[in-house]
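To start, the structure under review is shown below, and the notes come after it.
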Number of protein chains: 2
Amino acid sequence: MNDSDEGAGSAARSKRRDARRNQETLLDAAAAVFVRSGVEAPVRDIAAEAGVGMGTIYRHFPTRADLIIAVYRHQVDACAEAGPALLATSATPHAALGQWINLFVDFLVTKHGLAAVLRSDDAGFETLHAYFLDRLVPVCAQLLEAAAGADEIRSGIDAYELMRGVGNLCIGADSDPRYDARRLVELLIAGLRRPH
Amino acid sequence: MNDSDEGAGSAARSKRRDARRNQETLLDAAAAVFVRSGVEAPVRDIAAEAGVGMGTIYRHFPTRADLIIAVYRHQVDACAEAGPALLATSATPHAALGQWINLFVDFLVTKHGLAAVLRSDDAGFETLHAYFLDRLVPVCAQLLEAAAGADEIRSGIDAYELMRGVGNLCIGADSDPRYDARRLVELLIAGLRRPH
DNA sequence: GAGCAAAGCGGAGCGTCGTTCCGCTTACGA
DNA sequence: TCGTAAGCGGAACGACGCTCCGCTTTGCTC
């Protein structure tokens with residue numbers, strides 16, 4: 001599960017052992033640097049932390065986005081899987097939606113600068129963008145649909161738009177004690193409710 | 001009014017004519033480039049557009065933030081002044097708040113990338129940050145207070161936080177047809193309303 | 001009009017960043 | 001043991017923000 005491809009199991013056995021080891025080292029180093037200096041840390045720093053050259057980093061992760069995805073893949077997947085679970089166990093769909101959004105916000109806010117990078121329209125982050133969207137938008141859509149079906153929220157809310165909005169609200173949430181993204185996201189979710 | 005200082009009118013008569021002319025040229029050039037390439041356009045581009053050297057730009061506007069402020073000052077001031085006016089003419093304080101926020105959103109959305117720059121925690125944008133905040137937060141606070149006084153919205157909403165939230169929601173609003181910042185801001189403002 | 005100090009100007013140049021490229025090193029099957 | 005291709009490192013390139021300094025222009029004085 002921690003490898004990119006070992007499914008059918010025939011043509012994939014090509015990587016050298018040192019290469020594989022370096023990839024793991026790189027992942028650990030990147031995670032450490034991301035925690036220390038934020039997601040926008042210079043690539044050189046990560047290379048230095050891992051004790052490898054620049055070439056190595058770019059061979060394993062062609063773009064910085066790929067590195068970020070690799071580092072956070074597990075957590076994004078966990079968040080995605082939490083959606084249906086919450087829907088099954090919560091009192092109402094709207095409650096499930098609120099809790100799920102909270103999960104997402106917590107994830108974003110604890111990674112310095114991830115939210116900012118996530119929304120960056122800089123080409124080269126497309127894959128990062130795409131990964132988050134592919135994984136999370138359908139879950140959000142499902143939750144929205146359930147809540148709309150239960151007549152708890154307005155209809156016509158677009159999951160993509162809502163996710164982007166929540167992501168945007170999380171930008172700069174660390175590094176500013178006067179700004180609490182959670183509170184605003186809560187307001188946004190409250191605004192979703194059907195006016196009666 | 002278009003000069004920085006000619007108030008008391010004695011010690012201020014120091015600038016050479018060519019300097020003054022260049023400053024205006026620079027302002028026009030920057031405005032043009034901002035429209036064409038967004039607020040994050042390279043300084044070199046602005047210098048080229050104005051037909052001056054890099055040194056000139058940095059002498060007149062020590063940081064890029066100063067240039068941005070100079071270009072948009074009028075519009076920000078207009079927005080600030082619209083607050084009390086709306087409060088006086090609108091049916092309810094909450095309506096005034098909504099209209100005023102709309103004004104602000106329109107301003108941000110029409111300037112490519114301004115919202116993104118506005119929230120950047122990059123040092124050197126402090127003055128830009130400060131200018132917007134100084135000018136607009138008090139107005140927003142006044143509107144919030146009026147609405148809270150009329151029992152239309154929850155109390156305890158912080159004007160600074162709300163402004164940052166709205167600003168964040170406007171990030172990337174151009175350059176993505178699937179994302180309409182206005183709609184989300186509307187939702188946020190709706191979420192402000194006192195739950196009854 | 002001529003001379004002159006200083007205000008102003010331009011762009012070469014520095015440091016930082018992301019990314020590429022290529023000669024050397026190393027793992028591993030024959 | 002040895003050949004070779006996969007893998008490695010870091011010098012090098014281009015883009016950027018910003019600084020610095022020799023040259024030009026301006027506006028005053030005589």
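Chain labels A, B, ... are given in the sequence in which chains occur in the structure tokens; within each chain residues are numbered consecutively from 1, and ligands are likewise numbered from 1 in the order shown.
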Would you list which chain C residues are within 9 Å of chain A using only C-alpha atoms (C1' of nucleotides), as a compact mmCIF listing (two decimals) with C-alpha atoms (C1' of nucleotides), in the first residue's frame?
# COMPACT_ATOMS: atom_id res chain seq x y z
C1' DC C 17 14.36 30.35 -5.87
C1' DG C 18 12.68 26.21 -9.05
C1' DT C 19 14.28 23.17 -12.38
C1' DT C 20 17.46 20.76 -15.80
C1' DA C 27 23.89 -2.14 -7.60
C1' DC C 28 23.10 -6.42 -9.45
Worksheet entry | Residue neighbourhood Asp176 in chain A, 10 Å, only C-alpha atoms (C1' of nucleotides), exclusion window fewer than 4 positions, as number ranges by chain | A: 172, 180; B: 121
Worksheet entry | Distance query Glu24 in chain A at most 12 Å, only C-alpha atoms (C1' of nucleotides), self and fewer than 3 positions along chain excluded, as a ChimeraX atom specification | /A:2-3,17-21,27-31,50,52,56-57,60-61,67,70-71
Counting only C-alpha atoms, a student should be able to say which residues of chain A come within 8 Å of chain B; what is the right answer, written as an mmCIF file with C-alpha atoms, in the first residue's frame?
data_model
loop_
_atom_site.group_PDB
_atom_site.id
_atom_site.type_symbol
_atom_site.label_atom_id
_atom_site.label_comp_id
_atom_site.auth_asym_id
_atom_site.auth_seq_id
_atom_site.Cartn_x
_atom_site.Cartn_y
_atom_site.Cartn_z
ATOM 1 C CA ARG A 119 -5.469 27.066 -4.207
ATOM 2 C CA SER A 120 -2.422 28.344 -6.097
ATOM 3 C CA ASP A 121 -3.219 28.618 -9.780
ATOM 4 C CA TYR A 160 -16.569 21.930 -5.764
ATOM 5 C CA GLU A 161 -17.365 25.511 -4.974
ATOM 6 C CA LEU A 162 -17.929 24.755 -1.305
ATOM 7 C CA ARG A 164 -12.751 25.678 -2.633
ATOM 8 C CA GLY A 165 -14.421 28.138 -0.349
ATOM 9 C CA ASN A 168 -9.708 29.432 0.861
ATOM 10 C CA LEU A 169 -11.006 30.263 4.314
ATOM 11 C CA ILE A 171 -5.480 30.135 4.052
ATOM 12 C CA GLY A 172 -3.220 31.849 6.534
ATOM 13 C CA ARG A 178 -6.668 36.970 15.314
ATOM 14 C CA TYR A 179 -7.999 34.796 12.532
ATOM 15 C CA ASP A 180 -9.788 31.551 13.290
ATOM 16 C CA ALA A 181 -10.696 29.756 10.110
ATOM 17 C CA LEU A 184 -15.722 31.295 9.677
ATOM 18 C CA LEU A 187 -20.536 30.450 9.696
ATOM 19 C CA LEU A 188 -20.378 29.371 6.083
ATOM 20 C CA ILE A 189 -21.915 26.002 6.890
ATOM 21 C CA ALA A 190 -24.582 27.737 8.937
ATOM 22 C CA GLY A 191 -25.327 29.889 5.912
ATOM 23 C CA LEU A 192 -26.020 26.716 3.986
#
Practice prompt. Could you jot down the CA of Ala41 in chain B to C1' of DG11 in chain C separation for me, Å, one decimal place?
Written response: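 The value is 19.1 Å.
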Response to the item:
Among A:Ala48, A:Val117, A:Val109, A:Ala85, chain D is approached most closely, using only C-alpha atoms (C1' of nucleotides), by A:Ala48
